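> Pasting a structure here, questions to come.
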Amino acid sequence: MYLLYFLLWVIFNGSFTLEIGIFGLVIAAVVFAFTCKFMDYSVKKELEIYRKIFWGIKYIFVLVIEIVKANFGVIHMILTQKEEVEPVLATFHTELKTPEGRAFLANAITLTPGTITVSLEDNRYTVHCLDESMAEGMNESVFVDYIEKLEK
């Protein structure tokens, strides 16, 4: 939050000078202290966010790559009439601990073309897949690994 406050200060000023930078550091510190005191936030939570930023960026990068790969798979399935499309409902369990992590996985599955998360109850997912091949290895997907690292 501290860096976000400082960046907002610089952006709202429209330019950067030494005076604006020093004044922005002080203003950001005051607003951050207010946030910590009255909004149940702490420096410990701030450091935890900074630690997870790397994995979050990696997760977004992997998500985009998987979306592109799935797009090509669906395009191939549409353009070639050699394969018979067999939609299937796949059910699997994960060991994700937080509700946020489970929601991230459900959203990642839904964002990937050819799959839609139908239901999520505790750790049990029901996913509609456009073809049977898309349902293979869903509980061991790369998304689960990155979300588990973000949960730690």
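Residues are referred to by chain and number: the chain letter is A, B, ... according to the order shown in the structure tokens, the number counts from 1 in that chain, and ligands are numbered separately from 1 in the order shown.
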Do you know which residues are at most 8 Å from segment 28-34 of chain A counting only C-alpha atoms, after dropping those on the same chain fewer than 2 positions away, and could you put them as a list of chain:residue names?
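What passes the distance filter is A:Met1, A:Tyr2, A:Leu3, A:Tyr5, A:Phe6, A:Trp9, A:Gly24, A:Leu25, A:Val26, A:Cys36, A:Lys37, A:Phe38, A:Met39.
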> Considering only C-alpha atoms, give me a table of residues in segment 96-150 of chain A that are at most 9 Å from segment 40-62 of chain A, with the closest atom pair and distance in Å for each, as a tab-separated table.

```
residue	atom	partner	partner_atom	distance
A:Val142	CA	A:Val62	CA	7.9
A:Phe143	CA	A:Tyr59	CA	7.4
A:Tyr146	CA	A:Tyr59	CA	6.0
A:Ile147	CA	A:Tyr59	CA	7.7
A:Lys149	CA	A:Trp55	CA	7.2
A:Leu150	CA	A:Lys52	CA	6.2
```
> For the selection you just gave me, I'd like the residues written to a file as a PDB file, in the first residue's frame, keeping N, CA and C atoms.

```pdb
ATOM      1  N   VAL A 142      -1.262 -26.629 -14.151  1.00  0.00           N
ATOM      2  CA  VAL A 142      -0.252 -25.663 -13.744  1.00  0.00           C
ATOM      3  C   VAL A 142      -0.876 -24.577 -12.871  1.00  0.00           C
ATOM      4  N   PHE A 143      -2.174 -24.314 -13.045  1.00  0.00           N
ATOM      5  CA  PHE A 143      -2.857 -23.321 -12.229  1.00  0.00           C
ATOM      6  C   PHE A 143      -2.845 -23.708 -10.755  1.00  0.00           C
ATOM      7  N   TYR A 146       0.595 -22.980  -9.068  1.00  0.00           N
ATOM      8  CA  TYR A 146       0.854 -21.561  -8.785  1.00  0.00           C
ATOM      9  C   TYR A 146      -0.052 -21.032  -7.675  1.00  0.00           C
ATOM     10  N   ILE A 147      -1.297 -21.467  -7.651  1.00  0.00           N
ATOM     11  CA  ILE A 147      -2.206 -20.991  -6.607  1.00  0.00           C
ATOM     12  C   ILE A 147      -1.781 -21.540  -5.251  1.00  0.00           C
ATOM     13  N   LYS A 149       1.285 -22.076  -4.364  1.00  0.00           N
ATOM     14  CA  LYS A 149       2.428 -21.243  -3.974  1.00  0.00           C
ATOM     15  C   LYS A 149       1.967 -19.883  -3.488  1.00  0.00           C
ATOM     16  N   LEU A 150       0.901 -19.343  -4.070  1.00  0.00           N
ATOM     17  CA  LEU A 150       0.370 -18.055  -3.616  1.00  0.00           C
ATOM     18  C   LEU A 150      -0.295 -18.176  -2.244  1.00  0.00           C
TER      19      LEU A 150
END
```
> Go through A:Val74, A:Ser141, A:Glu84, A:Ile67 and flag the residue nearest Thr110 of chain A, using only C-alpha atoms for the distances.
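Distance minimum relative to Thr110 of chain A lands on A:Ile67.
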> So, counting only C-alpha atoms, which residue among A:Asn123, A:Ser133, A:Thr98, A:Thr112 is closest to Val64 of chain A?
A:Thr112
> Can you measure atom CA of Glu86 of chain A to atom CA of Gly101 of chain A for me? One decimal in Å is fine.
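About the pair atom CA of Glu86 of chain A and atom CA of Gly101 of chain A: they are 29.6 Å apart.
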> What parts of segment 2-150 of chain A does DSSP call helix (DSSP H, G or I)? I'd like the answer as JSON, numbers by chain.
{"A": [2, 3, 4, 5, 6, 7, 8, 9, 10, 11, 12, 13, 18, 19, 20, 21, 22, 23, 24, 25, 26, 27, 28, 29, 30, 31, 32, 33, 34, 35, 36, 37, 38, 43, 44, 45, 46, 47, 48, 49, 50, 51, 52, 53, 54, 55, 56, 57, 58, 59, 60, 61, 62, 63, 64, 65, 66, 67, 68, 69, 70, 71, 72, 73, 74, 75, 76, 77, 78, 79, 99, 100, 101, 102, 103, 104, 105, 106, 107, 108, 109, 110, 111, 132, 133, 134, 135, 138, 139, 140, 142, 143, 144, 145, 146, 147, 148, 149, 150]}
> Closest to Thr94 of chain A among A:Gln81, A:Thr35, A:Thr126, A:Thr17, using only C-alpha atoms?
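Looking at the shortest contact to Thr94 of chain A, the residue is A:Thr126.
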> Select, from A:Ile78, A:Met138, A:Ile27, A:Leu120, the residue with the minimum atom-to-atom distance to Leu4 of chain A, counting only C-alpha atoms.
A:Ile27
